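Note sheet for the following structure.
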Amino acid sequence: MNSIPQSSQQLVELLQSKSLHISAAESCTAGLFSSSLASIPGASQVMEYGFVTYSAASKMNLVSVKPDTIKNYTVYSGPVAAQMAIGAAQKSGAELGVGITGIAGPHADSQPAGTVYIAVANSEIQNVFVRRYLFQDHDRNIIRQKAVLAAMDLVTAVITSTGRQPHFAWSCSPAIIHTVTVSKTHSF
C-alpha cells in the first residue's frame, strides 16, 4: 500500500497531467486530505479550496448541504458526502469535488467507528460516486489516514477511467452506496 506522501505525489501529478483542479470538503479527516496534497510541490496548480466541515452547521453554511439531507440521513451518510463533494466543486469552481464524512471513533453514534463515506463529484454534477468504507481499526488517526488514502484512490480511479472531463464511469444515486470493508491488515 502506498503511503500518504506517495499517494499525494501521484494524485497531484495526475491532476496536473489532466489539467484538472480539485477541492475537498472534509469532516472526519479534518483537512488531512487537503493538507496532504498541499505538501507536494506544485499542488497550487491543481488545488482550489479545502473546507473543514466538522459540524452540521459548517456543512450547511460552507458547502450547501441541505438541512433535510442531514435530518433524513444523519451527517454520517452517503447523501451528505455527495452534497459535500458537489458543494466543494461548485463553491470553488474546481472540476472535481471530494466529500469525506464518517466516524473516526473511538466512540460511535448510529454506526460503527470506522464508518466513512467518500464521494467524488464534478462541478457540473453529472454524476456523483459514493463509497462507504468500514475501516476495522480502533485508532482514530489510522482511520483518518486510511480514509485519506481511500479518497485519493477513488479520485484516481475516477480520473483514469474517463479522461480529461470526468463523467464518472461508476455513477450511482447518493442513496445507493457501495460498501467496502477494510480490515486492519488489508491494503487497497
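Chain labels run A, B, ... following the order of the C-alpha cells; each chain numbers its residues from 1, and ligands are numbered from 1 in the order shown.
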Original post:
Just asking: which residues within chain A are strand (DSSP E or B) according to DSSP, as a ChimeraX atom specification?
Top reply: /A:22-26,47-52,96-102,115-122,128-135,178-182
**OP:** Find the spatial neighbours of Pro112 of chain A, counting only C-alpha atoms, within a cut-off of 10 Å - ignore same-chain residues fewer than 4 positions away - and output them as a ChimeraX atom specification.
**Re:** /A:102-108,116,134-136
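Excluding Val155 of chain A itself and same-chain residues fewer than 3 positions from it, the residues having an atom within 9 Å of it are A:Leu11, A:Leu96, A:Val98, A:Ala119, A:Val120, A:Ala150, A:Ala151, A:Met152, A:Val158, A:Ile159, A:Thr160, counting only C-alpha atoms.
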**OP:** Would you mind listing what lies within 12 Å of Thr74 of chain A as a PyMOL selection string, with only C-alpha atoms counted and same-chain residues fewer than 2 positions away left out?
**Re:** chain A and resi 55-56+59+65-72+76-81+101-103+109-111+117
With N, CA and C atoms retained, write the just-selected residues as a CSV table (one decimal), in the first residue's frame.
chain,number,residue,atom,x,y,z
A,55,SER,N,-18.8,20.3,11.8
A,55,SER,CA,-20.1,20.3,12.3
A,55,SER,C,-21.2,20.3,11.2
A,56,ALA,N,-22.4,20.0,11.6
A,56,ALA,CA,-23.5,20.0,10.7
A,56,ALA,C,-23.7,21.4,10.2
A,59,LYS,N,-21.2,22.2,7.4
A,59,LYS,CA,-21.6,21.5,6.2
A,59,LYS,C,-22.7,22.3,5.4
A,65,VAL,N,-24.8,21.8,2.1
A,65,VAL,CA,-25.5,20.5,2.4
A,65,VAL,C,-26.9,20.9,2.9
A,66,LYS,N,-27.9,20.3,2.4
A,66,LYS,CA,-29.3,20.6,2.7
A,66,LYS,C,-29.7,20.1,4.1
A,67,PRO,N,-30.3,21.0,4.9
A,67,PRO,CA,-30.7,20.5,6.3
A,67,PRO,C,-31.6,19.3,6.2
A,68,ASP,N,-32.4,19.1,5.3
A,68,ASP,CA,-33.3,17.9,5.2
A,68,ASP,C,-32.4,16.7,4.9
A,69,THR,N,-31.3,16.8,4.2
A,69,THR,CA,-30.5,15.6,4.0
A,69,THR,C,-29.8,15.2,5.3
A,70,ILE,N,-29.4,16.1,6.1
A,70,ILE,CA,-28.8,15.8,7.4
A,70,ILE,C,-29.9,15.2,8.3
A,71,LYS,N,-31.1,15.8,8.3
A,71,LYS,CA,-32.2,15.3,9.1
A,71,LYS,C,-32.6,13.9,8.7
A,72,ASN,N,-32.7,13.6,7.4
A,72,ASN,CA,-33.2,12.3,7.0
A,72,ASN,C,-32.1,11.2,7.0
A,76,TYR,N,-23.4,11.4,9.0
A,76,TYR,CA,-22.6,10.2,8.6
A,76,TYR,C,-23.3,9.4,7.5
A,77,SER,N,-23.4,9.9,6.3
A,77,SER,CA,-24.1,9.2,5.3
A,77,SER,C,-23.6,9.5,3.9
A,78,GLY,N,-24.0,8.7,3.0
A,78,GLY,CA,-23.6,8.9,1.6
A,78,GLY,C,-24.2,10.1,1.0
A,79,PRO,N,-25.5,10.4,1.2
A,79,PRO,CA,-26.1,11.6,0.6
A,79,PRO,C,-25.4,12.9,1.1
A,80,VAL,N,-25.0,12.9,2.4
A,80,VAL,CA,-24.3,14.1,2.9
A,80,VAL,C,-22.9,14.2,2.2
A,81,ALA,N,-22.2,13.0,2.1
A,81,ALA,CA,-20.9,13.1,1.5
A,81,ALA,C,-21.0,13.5,0.0
A,101,THR,N,-16.9,12.1,5.0
A,101,THR,CA,-17.6,12.2,6.3
A,101,THR,C,-17.7,10.9,7.0
A,102,GLY,N,-17.6,10.8,8.3
A,102,GLY,CA,-17.7,9.5,8.9
A,102,GLY,C,-17.4,9.6,10.4
A,103,ILE,N,-17.2,8.4,11.0
A,103,ILE,CA,-16.9,8.3,12.4
A,103,ILE,C,-15.6,7.7,12.6
A,109,ASP,N,-21.9,6.7,17.1
A,109,ASP,CA,-23.3,7.0,17.4
A,109,ASP,C,-24.2,5.9,16.8
A,110,SER,N,-24.7,6.2,15.6
A,110,SER,CA,-25.6,5.3,15.0
A,110,SER,C,-25.0,4.2,14.1
A,111,GLN,N,-23.7,4.4,13.8
A,111,GLN,CA,-22.9,3.4,13.0
A,111,GLN,C,-21.6,3.1,13.7
A,117,TYR,N,-17.8,7.7,4.7
A,117,TYR,CA,-18.4,7.8,3.3
A,117,TYR,C,-17.5,8.8,2.6
Original post:
Quick one: of A:Ile4, A:Leu149, A:Ile100, A:Ala88, who's nearest to Ala30 of chain A, counting only C-alpha atoms?
Top reply: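 The closest residue to Ala30 of chain A is A:Ile100.
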Subject >> Which residue of A:Gln6, A:Gln83, A:Phe51, A:Leu20 approaches Ser34 of chain A most closely, using only C-alpha atoms >> reply: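 Nearest candidate to Ser34 of chain A out of A:Gln6, A:Gln83, A:Phe51, A:Leu20: A:Phe51.
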**OP:** Using only C-alpha atoms, find the one residue out of A:Ser35, A:Ser17, A:Ala25, A:Glu48 that sits nearest to Met60 of chain A.
**Re:**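 Residue with the minimum atom-to-atom distance to Met60 of chain A: A:Ala25.
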